[in-house]
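K.L.:
Coordinates in coords.cif, mmCIF, C-alpha atoms and all ligand atoms, are listed below.
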data_upload
#
loop_
_atom_site.label_atom_id
_atom_site.label_comp_id
_atom_site.auth_asym_id
_atom_site.auth_seq_id
_atom_site.Cartn_x
_atom_site.Cartn_y
_atom_site.Cartn_z
CA MET A 1 0.00 0.00 0.00
CA THR A 2 1.56 3.29 -0.97
CA GLY A 3 -0.61 6.23 -0.08
CA ARG A 4 0.40 9.67 1.07
CA PRO A 5 3.17 9.68 3.65
CA PRO A 6 2.04 10.57 7.18
CA PRO A 7 2.90 13.90 8.79
CA TRP A 8 6.29 13.68 10.50
CA LEU A 9 6.18 13.45 14.28
CA ASP A 10 8.63 15.98 15.68
CA VAL A 11 9.40 14.52 19.11
CA ASP A 12 11.95 17.26 19.81
CA ARG A 13 9.30 19.91 19.44
CA LEU A 14 7.16 18.03 21.93
CA ILE A 15 9.91 17.72 24.52
CA ASP A 16 11.16 21.27 24.01
CA ASP A 17 7.69 22.65 24.57
CA ARG A 18 7.61 23.53 28.28
CA ARG A 19 3.86 23.05 28.33
CA THR A 20 4.41 19.32 27.84
CA ARG A 21 4.37 17.91 31.38
CA ILE A 22 3.59 14.22 30.91
CA ILE A 23 4.54 11.90 28.07
CA VAL A 24 3.07 8.41 28.17
CA CYS A 25 4.67 5.71 26.02
CA CYS A 26 2.14 3.01 25.22
CA GLY A 27 2.14 0.03 22.93
CA SER A 28 1.87 -3.72 22.90
CA GLY A 29 4.44 -6.06 24.45
CA GLY A 30 8.09 -5.88 23.44
CA VAL A 31 7.86 -3.04 20.91
CA GLY A 32 10.35 -0.78 22.69
CA LYS A 33 8.26 1.28 25.12
CA THR A 34 10.86 1.21 27.89
CA THR A 35 13.69 2.02 25.47
CA ILE A 36 11.81 4.89 23.84
CA ALA A 37 10.67 6.29 27.21
CA ALA A 38 14.26 6.26 28.49
CA ALA A 39 15.59 7.79 25.26
CA ILE A 40 13.00 10.58 25.42
CA GLY A 41 13.83 11.23 29.07
CA LEU A 42 17.54 11.47 28.35
CA ARG A 43 17.10 13.72 25.34
CA ALA A 44 14.70 16.03 27.18
CA ALA A 45 17.16 16.31 30.09
CA GLU A 46 19.99 17.05 27.67
CA HIS A 47 17.77 19.73 26.16
CA GLY A 48 17.58 21.35 29.59
CA ARG A 49 14.44 19.92 31.15
CA HIS A 50 14.07 18.43 34.62
CA VAL A 51 12.83 14.99 33.88
CA VAL A 52 11.78 11.90 35.72
CA VAL A 53 11.31 8.65 33.84
CA LEU A 54 9.04 6.08 35.39
CA THR A 55 10.12 2.73 33.96
CA VAL A 56 8.49 -0.65 34.32
CA ASP A 57 10.68 -3.69 34.21
CA PRO A 58 13.62 -2.31 32.24
CA ALA A 59 16.16 -4.81 30.93
CA ARG A 60 18.85 -5.28 33.56
CA ARG A 61 21.73 -3.71 31.67
CA LEU A 62 19.69 -0.67 30.73
CA ALA A 63 18.57 -0.28 34.35
CA GLN A 64 22.16 -0.50 35.55
CA SER A 65 23.37 2.05 33.07
CA MET A 66 20.73 4.44 34.41
CA GLY A 67 21.85 3.83 37.98
CA LEU A 68 18.79 1.76 38.80
CA THR A 69 20.19 -1.06 40.83
CA SER A 70 17.35 -1.72 43.23
CA LEU A 71 13.61 -1.75 43.05
CA ASP A 72 13.06 0.85 45.72
CA ASN A 73 10.38 2.93 44.09
CA THR A 74 12.34 6.16 44.46
CA PRO A 75 13.52 8.35 41.59
CA ARG A 76 17.32 8.17 41.39
CA PRO A 77 19.52 10.71 39.62
CA VAL A 78 21.00 9.44 36.37
CA ARG A 79 24.65 10.35 35.97
CA GLY A 80 26.27 11.19 32.69
CA ILE A 81 23.85 13.74 31.23
CA LYS A 82 25.54 15.88 28.60
CA THR A 83 24.63 19.13 27.02
CA ARG A 84 25.80 20.44 23.70
CA ASP A 85 28.09 22.87 25.54
CA GLN A 86 29.76 20.00 27.33
CA GLU A 87 30.16 18.08 24.15
CA ALA A 88 31.88 21.12 22.73
CA GLY A 89 34.30 20.76 25.65
CA ASN A 90 33.68 23.93 27.66
CA GLY A 91 32.74 22.00 30.80
CA ALA A 92 29.45 23.77 31.50
CA GLU A 93 27.08 22.10 33.96
CA PRO A 94 24.06 20.58 32.27
CA ALA A 95 21.02 22.80 32.60
CA GLY A 96 18.65 19.86 32.79
CA SER A 97 18.49 16.79 34.98
CA LEU A 98 17.31 13.23 34.72
CA HIS A 99 15.90 10.99 37.40
CA ALA A 100 14.73 7.48 36.78
CA MET A 101 12.81 5.00 38.82
CA MET A 102 11.64 1.46 38.42
CA LEU A 103 8.07 0.85 39.41
CA ASP A 104 7.83 -1.48 42.36
CA MET A 105 4.25 -2.51 42.23
CA LYS A 106 4.07 -4.08 45.68
CA ARG A 107 5.88 -1.20 47.37
CA THR A 108 3.52 1.34 45.82
CA PHE A 109 0.54 -0.67 47.00
CA ASP A 110 1.97 -0.90 50.52
CA GLU A 111 2.54 2.84 50.58
CA ILE A 112 -1.10 3.50 49.79
CA VAL A 113 -2.19 1.23 52.61
CA GLU A 114 0.24 2.89 55.00
CA ALA A 115 -0.95 6.32 54.00
CA HIS A 116 -4.63 5.52 54.38
CA ALA A 117 -4.97 3.25 57.37
CA ASP A 118 -3.88 3.72 60.97
CA PRO A 119 -0.66 1.85 61.82
CA ASP A 120 -2.36 -1.19 63.41
CA ARG A 121 -4.78 -1.58 60.57
CA ALA A 122 -1.99 -1.07 58.04
CA ALA A 123 0.12 -3.77 59.67
CA GLN A 124 -2.86 -6.11 59.65
CA ILE A 125 -3.51 -5.52 55.96
CA LEU A 126 0.13 -5.79 54.96
CA ALA A 127 0.48 -9.12 56.73
CA ASN A 128 -2.66 -10.52 55.16
CA PRO A 129 -1.85 -13.30 52.67
CA PHE A 130 -4.72 -12.31 50.41
CA TYR A 131 -3.40 -8.76 50.30
CA GLN A 132 0.08 -10.05 49.59
CA SER A 133 -1.00 -12.06 46.60
CA LEU A 134 -3.33 -9.36 45.34
CA SER A 135 -0.69 -6.67 45.56
CA SER A 136 1.86 -8.64 43.64
CA SER A 137 -0.12 -10.59 41.12
CA PHE A 138 -3.61 -9.33 40.45
CA ALA A 139 -4.05 -8.74 36.73
CA GLY A 140 -4.04 -5.01 36.32
CA THR A 141 -2.20 -4.19 39.53
CA GLN A 142 0.85 -3.09 37.62
CA GLU A 143 -1.15 -0.78 35.39
CA TYR A 144 -3.02 0.59 38.36
CA MET A 145 0.22 1.21 40.18
CA ALA A 146 1.85 2.88 37.18
CA MET A 147 -1.06 5.33 37.13
CA GLU A 148 -0.95 5.71 40.89
CA LYS A 149 2.75 6.51 40.77
CA LEU A 150 2.21 8.95 37.93
CA GLY A 151 -0.36 10.75 40.07
CA GLN A 152 2.06 10.90 42.99
CA LEU A 153 4.93 12.22 40.86
CA ARG A 154 2.69 14.85 39.36
CA ARG A 155 1.49 15.99 42.78
CA ALA A 156 5.08 16.12 44.07
CA ASP A 157 5.70 18.68 41.31
CA GLU A 158 9.49 18.31 41.50
CA TRP A 159 9.96 17.66 37.81
CA ASP A 160 8.81 19.64 34.85
CA LEU A 161 8.46 16.56 32.66
CA ILE A 162 7.34 13.06 33.61
CA VAL A 163 7.93 10.32 31.07
CA VAL A 164 5.89 7.22 31.72
CA ASP A 165 6.71 3.80 30.41
CA THR A 166 3.79 1.39 30.58
CA PRO A 167 3.74 -2.23 31.77
CA PRO A 168 4.28 -5.10 29.39
CA SER A 169 0.91 -6.39 28.34
CA ARG A 170 -0.47 -7.99 25.27
CA SER A 171 -2.74 -5.08 24.62
CA ALA A 172 -1.86 -1.41 24.93
CA LEU A 173 -5.43 -0.82 26.04
CA ASP A 174 -4.75 -2.61 29.32
CA PHE A 175 -2.98 0.46 30.56
CA LEU A 176 -6.21 2.41 30.30
CA ASP A 177 -8.59 -0.36 31.31
CA ALA A 178 -6.85 -2.27 34.05
CA PRO A 179 -6.85 0.45 36.74
CA GLN A 180 -10.59 0.91 36.46
CA ARG A 181 -11.05 -2.84 36.48
CA LEU A 182 -8.94 -3.21 39.61
CA ALA A 183 -10.68 -0.27 41.27
CA ARG A 184 -14.04 -1.80 40.43
CA PHE A 185 -12.90 -5.04 41.94
CA LEU A 186 -11.64 -3.41 45.11
CA ASP A 187 -14.67 -1.21 45.45
CA GLY A 188 -16.88 -3.83 44.07
CA LYS A 189 -19.94 -5.72 45.03
CA LEU A 190 -18.25 -9.08 45.30
CA LEU A 191 -15.88 -7.91 47.97
CA ARG A 192 -18.57 -5.96 49.76
CA LEU A 193 -20.73 -9.04 49.83
CA LEU A 194 -17.94 -11.08 51.28
CA THR A 195 -17.87 -8.83 54.29
CA ALA A 196 -21.63 -8.43 54.45
CA PRO A 197 -22.47 -11.37 56.74
CA ALA A 198 -20.55 -9.74 59.52
CA LYS A 199 -22.36 -6.48 59.13
CA VAL A 200 -25.98 -6.91 58.22
CA GLY A 201 -28.66 -6.78 60.85
CA GLY A 202 -31.89 -8.73 61.08
CA ARG A 203 -33.85 -7.08 58.33
CA ALA A 204 -35.68 -9.59 56.24
CA TYR A 205 -34.44 -8.59 52.80
CA LEU A 206 -30.92 -8.58 54.00
CA ARG A 207 -31.44 -11.99 55.48
CA ALA A 208 -32.62 -13.12 52.09
CA ILE A 209 -29.52 -11.71 50.42
CA ASN A 210 -27.47 -13.32 53.10
CA ALA A 211 -29.11 -16.66 52.58
CA GLY A 212 -28.22 -16.48 48.90
CA PHE A 213 -24.85 -15.27 49.81
CA GLY A 214 -24.36 -18.06 52.31
CA VAL A 215 -24.55 -20.46 49.39
CA VAL A 216 -21.92 -18.50 47.50
CA THR A 217 -19.73 -18.36 50.56
CA GLY A 218 -20.19 -22.06 51.03
CA VAL A 219 -19.03 -22.73 47.49
CA LEU A 220 -16.15 -20.31 47.86
CA THR A 221 -15.15 -21.94 51.10
CA LYS A 222 -15.04 -25.28 49.37
CA ILE A 223 -12.94 -23.95 46.56
CA LEU A 224 -10.68 -21.66 48.50
CA GLY A 225 -10.63 -23.20 51.94
CA THR A 226 -11.72 -21.49 55.13
CA GLN A 227 -8.41 -19.85 55.82
CA VAL A 228 -8.20 -18.09 52.48
CA LEU A 229 -11.77 -16.93 52.73
CA ARG A 230 -11.15 -15.58 56.21
CA ASP A 231 -8.10 -13.78 54.81
CA VAL A 232 -10.21 -12.21 52.13
CA GLN A 233 -12.82 -11.14 54.64
CA THR A 234 -10.38 -9.60 57.08
CA PHE A 235 -8.57 -7.91 54.24
CA VAL A 236 -11.73 -6.39 52.91
CA SER A 237 -13.01 -5.23 56.27
CA ALA A 238 -9.62 -3.70 56.93
CA LEU A 239 -9.91 -1.94 53.59
CA ASP A 240 -13.28 -0.61 54.62
CA THR A 241 -11.80 2.71 55.60
CA MET A 242 -10.38 3.02 52.14
CA PHE A 243 -13.42 2.02 50.13
CA GLY A 244 -14.01 4.46 47.37
CA GLY A 245 -10.41 5.54 47.52
CA PHE A 246 -9.11 3.26 44.84
CA ARG A 247 -11.69 4.24 42.33
CA GLU A 248 -11.33 7.91 43.14
CA ARG A 249 -7.61 7.78 42.63
CA ALA A 250 -7.93 5.84 39.40
CA ASP A 251 -10.39 8.52 38.27
CA TYR A 252 -8.02 11.31 39.29
CA THR A 253 -5.18 9.88 37.25
CA TYR A 254 -7.50 9.21 34.37
CA GLN A 255 -8.37 12.91 34.38
CA LEU A 256 -4.66 13.73 34.51
CA LEU A 257 -4.21 11.77 31.31
CA ARG A 258 -6.79 13.98 29.66
CA ALA A 259 -5.34 17.23 30.90
CA PRO A 260 -3.56 19.69 28.60
CA GLY A 261 0.16 19.06 28.96
CA THR A 262 -0.23 15.30 28.61
CA ALA A 263 0.88 13.64 25.39
CA PHE A 264 0.53 10.01 24.40
CA LEU A 265 3.06 8.38 22.16
CA VAL A 266 2.09 5.05 20.76
CA VAL A 267 5.09 2.85 20.12
CA ALA A 268 4.87 0.03 17.59
CA ALA A 269 7.18 -2.21 15.67
CA PRO A 270 6.52 -2.14 11.93
CA GLU A 271 4.64 -5.43 12.14
CA GLU A 272 1.04 -6.28 11.59
CA ASP A 273 0.12 -7.27 15.16
CA ALA A 274 1.83 -4.31 16.80
CA LEU A 275 0.27 -1.86 14.34
CA ARG A 276 -3.16 -3.39 14.79
CA GLU A 277 -2.83 -2.81 18.53
CA ALA A 278 -1.55 0.70 17.86
CA SER A 279 -4.61 1.30 15.72
CA TYR A 280 -7.00 0.20 18.48
CA PHE A 281 -5.19 2.38 20.92
CA VAL A 282 -5.28 5.45 18.69
CA GLU A 283 -9.01 5.00 18.24
CA ARG A 284 -9.54 4.55 21.94
CA LEU A 285 -7.59 7.71 22.78
CA ASP A 286 -9.78 9.53 20.34
CA THR A 287 -12.96 8.28 22.02
CA GLU A 288 -11.58 9.17 25.44
CA ARG A 289 -10.49 12.56 24.14
CA MET A 290 -6.97 11.85 25.32
CA PRO A 291 -4.21 13.72 23.52
CA LEU A 292 -2.29 11.60 21.04
CA ALA A 293 1.01 13.13 19.89
CA GLY A 294 1.74 10.42 17.36
CA LEU A 295 3.16 7.04 16.53
CA ILE A 296 6.76 5.99 16.96
CA LEU A 297 7.61 3.24 14.56
CA ASN A 298 10.49 1.52 16.28
CA ARG A 299 13.02 -0.96 14.92
CA VAL A 300 12.50 0.01 11.32
CA GLN A 301 14.75 -1.89 8.92
CA GLN A 302 17.29 0.41 7.34
CA VAL A 303 18.83 -0.68 4.10
CA PRO A 304 22.07 0.76 2.80
CA ALA A 305 22.22 0.80 -1.01
CA ALA A 306 18.43 0.83 -1.21
CA HIS A 307 18.70 1.63 -4.92
CA LEU A 308 19.65 -2.00 -5.53
CA SER A 309 16.30 -3.80 -5.60
CA ALA A 310 15.69 -7.15 -3.94
CA ALA A 311 15.00 -8.70 -7.34
CA ARG A 312 18.22 -7.45 -8.91
CA SER A 313 20.16 -8.45 -5.85
CA MET A 314 18.74 -11.97 -5.96
CA ALA A 315 19.40 -12.22 -9.69
CA ALA A 316 23.02 -11.21 -9.15
CA ALA A 317 23.27 -13.75 -6.33
CA GLU A 318 21.98 -16.48 -8.62
CA VAL A 319 24.46 -15.64 -11.36
CA LEU A 320 27.26 -15.70 -8.83
CA GLN A 321 26.08 -18.97 -7.36
CA ALA A 322 25.98 -20.57 -10.80
CA ALA A 323 29.49 -19.32 -11.54
CA MET A 324 30.70 -20.70 -8.23
CA SER A 325 29.26 -24.16 -8.73
CA GLY A 326 30.65 -24.18 -12.29
CA ASN A 327 34.08 -23.42 -10.85
CA THR A 328 34.31 -26.30 -8.43
CA GLY A 329 37.17 -28.59 -9.20
CA SER A 330 39.12 -25.96 -11.16
CA GLY A 331 42.06 -23.98 -9.84
CA ASN A 332 43.85 -27.00 -8.43
CA ALA A 333 47.25 -26.17 -9.83
CA ALA A 334 49.51 -25.87 -6.79
CA SER A 335 50.78 -22.35 -7.60
CA GLY A 336 47.31 -20.91 -8.21
CA LYS A 337 45.64 -22.49 -5.21
CA THR A 338 45.89 -19.60 -2.75
CA GLY A 339 44.61 -17.12 -5.32
CA ALA A 340 41.70 -19.40 -6.20
CA ASP A 341 40.84 -19.89 -2.53
CA ASP A 342 40.83 -16.15 -1.98
CA GLN A 343 38.65 -15.66 -4.98
CA ALA A 344 36.21 -18.34 -3.83
CA ALA A 345 36.06 -16.79 -0.36
CA ALA A 346 35.42 -13.36 -1.86
CA ARG A 347 32.62 -14.80 -3.98
CA ARG A 348 31.03 -16.50 -1.00
CA LEU A 349 31.11 -13.22 0.90
CA THR A 350 29.59 -11.34 -1.99
CA LEU A 351 26.92 -13.98 -2.32
CA THR A 352 26.03 -13.68 1.37
CA ALA A 353 25.95 -9.88 1.12
CA LEU A 354 23.64 -10.01 -1.90
CA GLN A 355 21.28 -12.44 -0.22
CA LEU A 356 21.25 -10.42 2.99
CA HIS A 357 20.56 -7.27 1.02
CA ALA A 358 17.67 -8.95 -0.80
CA ASP A 359 16.20 -10.14 2.53
CA ARG A 360 16.45 -6.70 4.02
CA MET A 361 14.89 -5.06 0.99
CA THR A 362 12.02 -7.53 1.14
CA GLN A 363 11.55 -6.92 4.84
CA ALA A 364 11.74 -3.15 4.43
CA ALA A 365 9.08 -3.35 1.72
CA ALA A 366 6.83 -5.42 4.00
CA GLU A 367 7.33 -2.90 6.80
CA ARG A 368 6.43 -0.01 4.51
CA ARG A 369 3.31 -1.88 3.47
CA VAL A 370 2.00 -2.42 7.02
CA ALA A 371 2.98 1.10 8.07
CA GLY A 372 1.14 2.36 4.98
CA GLY A 373 -1.92 0.42 6.14
CA PHE A 374 -1.83 2.23 9.48
CA THR A 375 -1.47 5.61 7.83
CA ALA A 376 -4.26 4.88 5.38
CA ALA A 377 -6.55 4.26 8.38
CA HIS A 378 -5.20 7.23 10.38
CA PRO A 379 -3.87 9.72 7.84
CA LEU A 380 -3.56 12.55 10.36
CA VAL A 381 -1.51 10.71 12.96
CA PRO A 382 2.09 11.96 12.83
CA VAL A 383 4.73 9.24 12.64
CA ALA A 384 8.41 9.16 13.62
CA GLU A 385 10.70 6.33 12.69
CA VAL A 386 13.52 4.87 14.76
CA PRO A 387 15.76 2.41 12.92
CA ALA A 388 16.59 -1.02 14.25
CA GLN A 389 19.97 -0.69 15.93
CA ALA A 390 22.65 -3.26 15.30
CA GLU A 391 22.37 -4.42 18.90
CA ASP A 392 20.19 -4.06 22.01
CA VAL A 393 20.03 -0.63 23.57
CA HIS A 394 21.60 -0.92 26.99
CA ASP A 395 23.45 2.28 27.82
CA LEU A 396 23.15 6.05 27.67
CA GLU A 397 25.11 6.17 24.44
CA GLY A 398 22.61 3.78 22.86
CA LEU A 399 19.69 5.85 24.15
CA ARG A 400 21.32 8.97 22.76
CA ARG A 401 21.62 7.38 19.33
CA ILE A 402 17.90 6.60 19.44
CA GLY A 403 17.22 10.21 20.48
CA GLU A 404 18.97 11.49 17.38
CA TRP A 405 15.94 10.35 15.40
CA PHE A 406 13.60 12.62 17.32
CA GLY A 407 14.36 15.80 15.46
CA PRO A 408 12.43 17.41 12.59
CA ARG A 409 12.56 15.97 9.11
N1 LIG A 501 15.42 0.59 17.87
C1 LIG A 501 15.89 -0.52 18.46
N2 LIG A 501 16.92 -1.20 17.89
C2 LIG A 501 17.42 -2.32 18.45
N3 LIG A 501 16.95 -2.85 19.59
C3 LIG A 501 15.93 -2.23 20.21
C4 LIG A 501 15.35 -1.05 19.68
N4 LIG A 501 14.35 -0.66 20.50
C5 LIG A 501 14.32 -1.57 21.49
N5 LIG A 501 15.26 -2.52 21.32
C6 LIG A 501 15.52 -3.71 22.16
O1 LIG A 501 14.35 -4.50 22.16
C7 LIG A 501 14.15 -5.10 23.42
C8 LIG A 501 12.77 -4.77 23.92
O2 LIG A 501 12.69 -3.37 24.14
P1 LIG A 501 11.91 -2.76 25.37
O3 LIG A 501 12.25 -3.46 26.62
O4 LIG A 501 12.12 -1.29 25.33
O5 LIG A 501 10.42 -3.11 24.92
P2 LIG A 501 9.10 -2.93 25.76
O6 LIG A 501 8.03 -2.50 24.81
O7 LIG A 501 9.36 -2.05 26.93
O8 LIG A 501 8.85 -4.41 26.23
P3 LIG A 501 7.83 -4.90 27.36
O9 LIG A 501 6.47 -4.84 26.73
O10 LIG A 501 8.28 -6.28 27.67
O11 LIG A 501 7.97 -3.94 28.50
C9 LIG A 501 15.28 -4.60 24.32
O12 LIG A 501 16.28 -5.58 24.35
C10 LIG A 501 15.78 -3.36 23.61
O13 LIG A 501 17.15 -3.12 23.83
MG MG A 502 9.08 -2.42 29.00
#
Is it possible to express this structure as structure tokens?
Ligand SMILES: Nc1ncnc2c1ncn2[C@@H]1O[C@H](COP(=O)(O)OP(=O)(O)OP(=O)(O)O)[C@@H](O)[C@H]1O
Ligand SMILES: [Mg+2]
P.N.:
Amino acid sequence: MTGRPPPWLDVDRLIDDRRTRIIVCCGSGGVGKTTIAAAIGLRAAEHGRHVVVLTVDPARRLAQSMGLTSLDNTPRPVRGIKTRDQEAGNGAEPAGSLHAMMLDMKRTFDEIVEAHADPDRAAQILANPFYQSLSSSFAGTQEYMAMEKLGQLRRADEWDLIVVDTPPSRSALDFLDAPQRLARFLDGKLLRLLTAPAKVGGRAYLRAINAGFGVVTGVLTKILGTQVLRDVQTFVSALDTMFGGFRERADYTYQLLRAPGTAFLVVAAPEEDALREASYFVERLDTERMPLAGLILNRVQQVPAAHLSAARSMAAAEVLQAAMSGNTGSGNAASGKTGADDQAAARRLTLTALQLHADRMTQAAAERRVAGGFTAAHPLVPVAEVPAQAEDVHDLEGLRRIGEWFGPR
């Protein structure tokens, strides 16, 4: 599909605009959200902004290179920020700063409990096995906590730009949906009902509900065992003081995501699945009236010598291959052997290069086709491209190289 090219997404303009306060990097699993979020954070800091990057589960080497050695839920300063002045060698201090933190889902959850319950209650909740498994494994907890942390960082107001990486999930939409889902669960009827038998009085209709509920509890007891059920009940009654709080906070952060100053970047690899997810997400942001800045197409295949087509490259490879097989057995005169070996080795190398080139050209064409499909469906969504690097991005230098693609075209 070759339609009109999309408008270019100028990420530098976005990060240089002081009105931009929150950038959220979304996308489906493994497309490069963490890498792009870190690269944006670094570039913004090197452009003079005071930035905090909230990362989720960064690869270990990348985390280390950003000074993130423990999951302690606190923004840590990243050393090694450079400005253009410094690069020019005049030793000026960088005007901007970069902090980074790794989201510790359980720690964030614990902090909420500590902040909202008196110390005895808090201790009781924290020690509760049901709480412990909920806080570390409930589907959506990570998304909820990422939003929660974003809210906290925004309220702290210590940074002028917050870059948010989102949790790995199959669907980018989970980031928007999971917090509400978790809040609904925590505020929800099921949990309320579980605590109901302890609370309701003798009124007839409540007895009736209770009778029905007794059956449910009975079944649950069978499935879960009495101890677990008791854990759930004590947990929920301990959370009583906080009921409503989870949903309210999820709502607060949701509003934050709609506020002026927030920009969503959807990250996708130039592959069908990732772009389909990106498409859903773009549509959803539109329905929610959340501000989309554009799409970052990450790991785009770059082909040197793109003027040599895949077909011509393959044809040349075939000719060479034929010549090589025709040559076997010749060149066995002792004096000419080394020269013939060299020549054969050179031919093999050329053959490999031609085949590789043809593969890359074919892949690049496929990528352009799927990217074209996205743009045909969303012609107004600006797109920036970041090429596939030769190796994984695991240090500041690597992040900086990614950042070089963020300028205007
Ligand atoms: N442009 C690129 N070129 C080469 N490697 C890249 C590029 N972008 C990301 N990577 C590598 O791809 C891997 C996945 O990237 P990353 O962790 O940023 O993805 P993610 O979307 O955050 O994944 P998850 O959904 O699991 O959180 C990492 O090893 C990273 O170094
Ligand atoms: Mg990630």
K.L.:
Mind giving me the straight-line distance from CA of Leu292 (chain A) to CA of Phe264 (chain A) in Å, one decimal?
P.N.:
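Value for the CA of Leu292 (chain A)-CA of Phe264 (chain A) distance: 4.7 Å.
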K.L.:
Select, from A:Leu176, A:Leu150, A:Val267, A:Ile125, the residue with the minimum atom-to-atom distance to ligand MG 502 (chain A), counting all atoms listed in the file.
P.N.:
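When distances to ligand MG 502 (chain A) are compared using all atoms listed in the file, the smallest one comes from A:Val267.
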K.L.:
Which residues are near ligand LIG 501 (chain A) in this structure, taking near to mean any atom at most 7 Å from a ligand atom and counting only C-alpha atoms and all ligand atoms? Format them as an mmCIF file with C-alpha atoms, keeping the file's coordinate frame.
P.N.:
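Now in pocket-v8.cif:
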data_model
loop_
_atom_site.group_PDB
_atom_site.id
_atom_site.type_symbol
_atom_site.label_atom_id
_atom_site.label_comp_id
_atom_site.auth_asym_id
_atom_site.auth_seq_id
_atom_site.Cartn_x
_atom_site.Cartn_y
_atom_site.Cartn_z
ATOM 1 C CA GLY A 27 2.140 0.030 22.930
ATOM 2 C CA SER A 28 1.870 -3.720 22.900
ATOM 3 C CA GLY A 29 4.440 -6.060 24.450
ATOM 4 C CA GLY A 30 8.090 -5.880 23.440
ATOM 5 C CA VAL A 31 7.860 -3.040 20.910
ATOM 6 C CA GLY A 32 10.350 -0.780 22.690
ATOM 7 C CA LYS A 33 8.260 1.280 25.120
ATOM 8 C CA THR A 34 10.860 1.210 27.890
ATOM 9 C CA THR A 35 13.690 2.020 25.470
ATOM 10 C CA ILE A 36 11.810 4.890 23.840
ATOM 11 C CA VAL A 56 8.490 -0.650 34.320
ATOM 12 C CA ASP A 57 10.680 -3.690 34.210
ATOM 13 C CA PRO A 58 13.620 -2.310 32.240
ATOM 14 C CA ALA A 59 16.160 -4.810 30.930
ATOM 15 C CA PRO A 167 3.740 -2.230 31.770
ATOM 16 C CA PRO A 168 4.280 -5.100 29.390
ATOM 17 C CA SER A 169 0.910 -6.390 28.340
ATOM 18 C CA ASN A 298 10.490 1.520 16.280
ATOM 19 C CA ARG A 299 13.020 -0.960 14.920
ATOM 20 C CA VAL A 386 13.520 4.870 14.760
ATOM 21 C CA PRO A 387 15.760 2.410 12.920
ATOM 22 C CA ALA A 388 16.590 -1.020 14.250
ATOM 23 C CA GLN A 389 19.970 -0.690 15.930
ATOM 24 C CA ALA A 390 22.650 -3.260 15.300
ATOM 25 C CA GLU A 391 22.370 -4.420 18.900
ATOM 26 C CA ASP A 392 20.190 -4.060 22.010
ATOM 27 C CA VAL A 393 20.030 -0.630 23.570
ATOM 28 C CA HIS A 394 21.600 -0.920 26.990
ATOM 29 C CA ILE A 402 17.900 6.600 19.440
#
K.L.:
So, counting all atoms listed in the file, which residue among A:Gln302, A:Thr362, A:Gln132, A:Ser279 is closest to Cys26 (chain A)?
P.N.:
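Closest to Cys26 (chain A) of all the choices is A:Ser279.
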K.L.:
Of the candidates A:Pro260, A:Gly403, A:Pro382, A:Gly398, which shows the shortest atom-to-atom distance to Ala44 (chain A), using all atoms listed in the file?
P.N.:
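Ranked by minimum distance to Ala44 (chain A), first place goes to A:Gly403.
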K.L.:
First collect every listed atom of region 54-57 of chain A; then fit an axis-aligned box around them, widen it by 8 Å on each side, and give centre and edge lengths in Å to one decimal, as lines of an AutoDock Vina configuration file.
P.N.:
center_x = 9.6
center_y = 1.2
center_z = 34.7
size_x = 18.2
size_y = 25.8
size_z = 17.4
K.L.:
Could you check which of A:Ala366, A:Ala293, A:Ala38, A:Ala323 is closest to ligand MG 502 (chain A), using all atoms listed in the file?
P.N.:
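That would be A:Ala38, the residue with the smallest distance to ligand MG 502 (chain A).
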K.L.:
Quick one: distance from CA of Asp157 (chain A) to CA of Asp174 (chain A) in Å, one decimal?
P.N.:
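Between CA of Asp157 (chain A) and CA of Asp174 (chain A) the gap is 26.6 Å.
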K.L.:
Nearest residue to ligand MG 502 (chain A) out of A:Leu62, A:Thr108, A:Lys149, A:Ala311, using all atoms listed in the file?
P.N.:
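For ligand MG 502 (chain A), the nearest of the candidates is A:Leu62.
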K.L.:
With distances taken over all atoms listed in the file, which residue among A:Ile81, A:Leu54, A:Ala376, A:Leu351 lies nearest ligand MG 502 (chain A)?
P.N.:
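Using all atoms listed in the file, ligand MG 502 (chain A) sits closest to A:Leu54.
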K.L.:
Between CA of Trp159 (chain A) and CA of Ala263 (chain A), what is the spacing in Å?
P.N.:
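Interatomic distance here is 15.9 Å.
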K.L.:
Set the distance at 9 Å and use all atoms listed in the file: which residues neighbour region 49-53 of chain A once local chain neighbours fewer than 2 positions away are removed? I'd like the list as an MDAnalysis selection string.
P.N.:
chainID A and resid 15:16 18 37:38 40:47 55 75:77 95:102 153 158:165
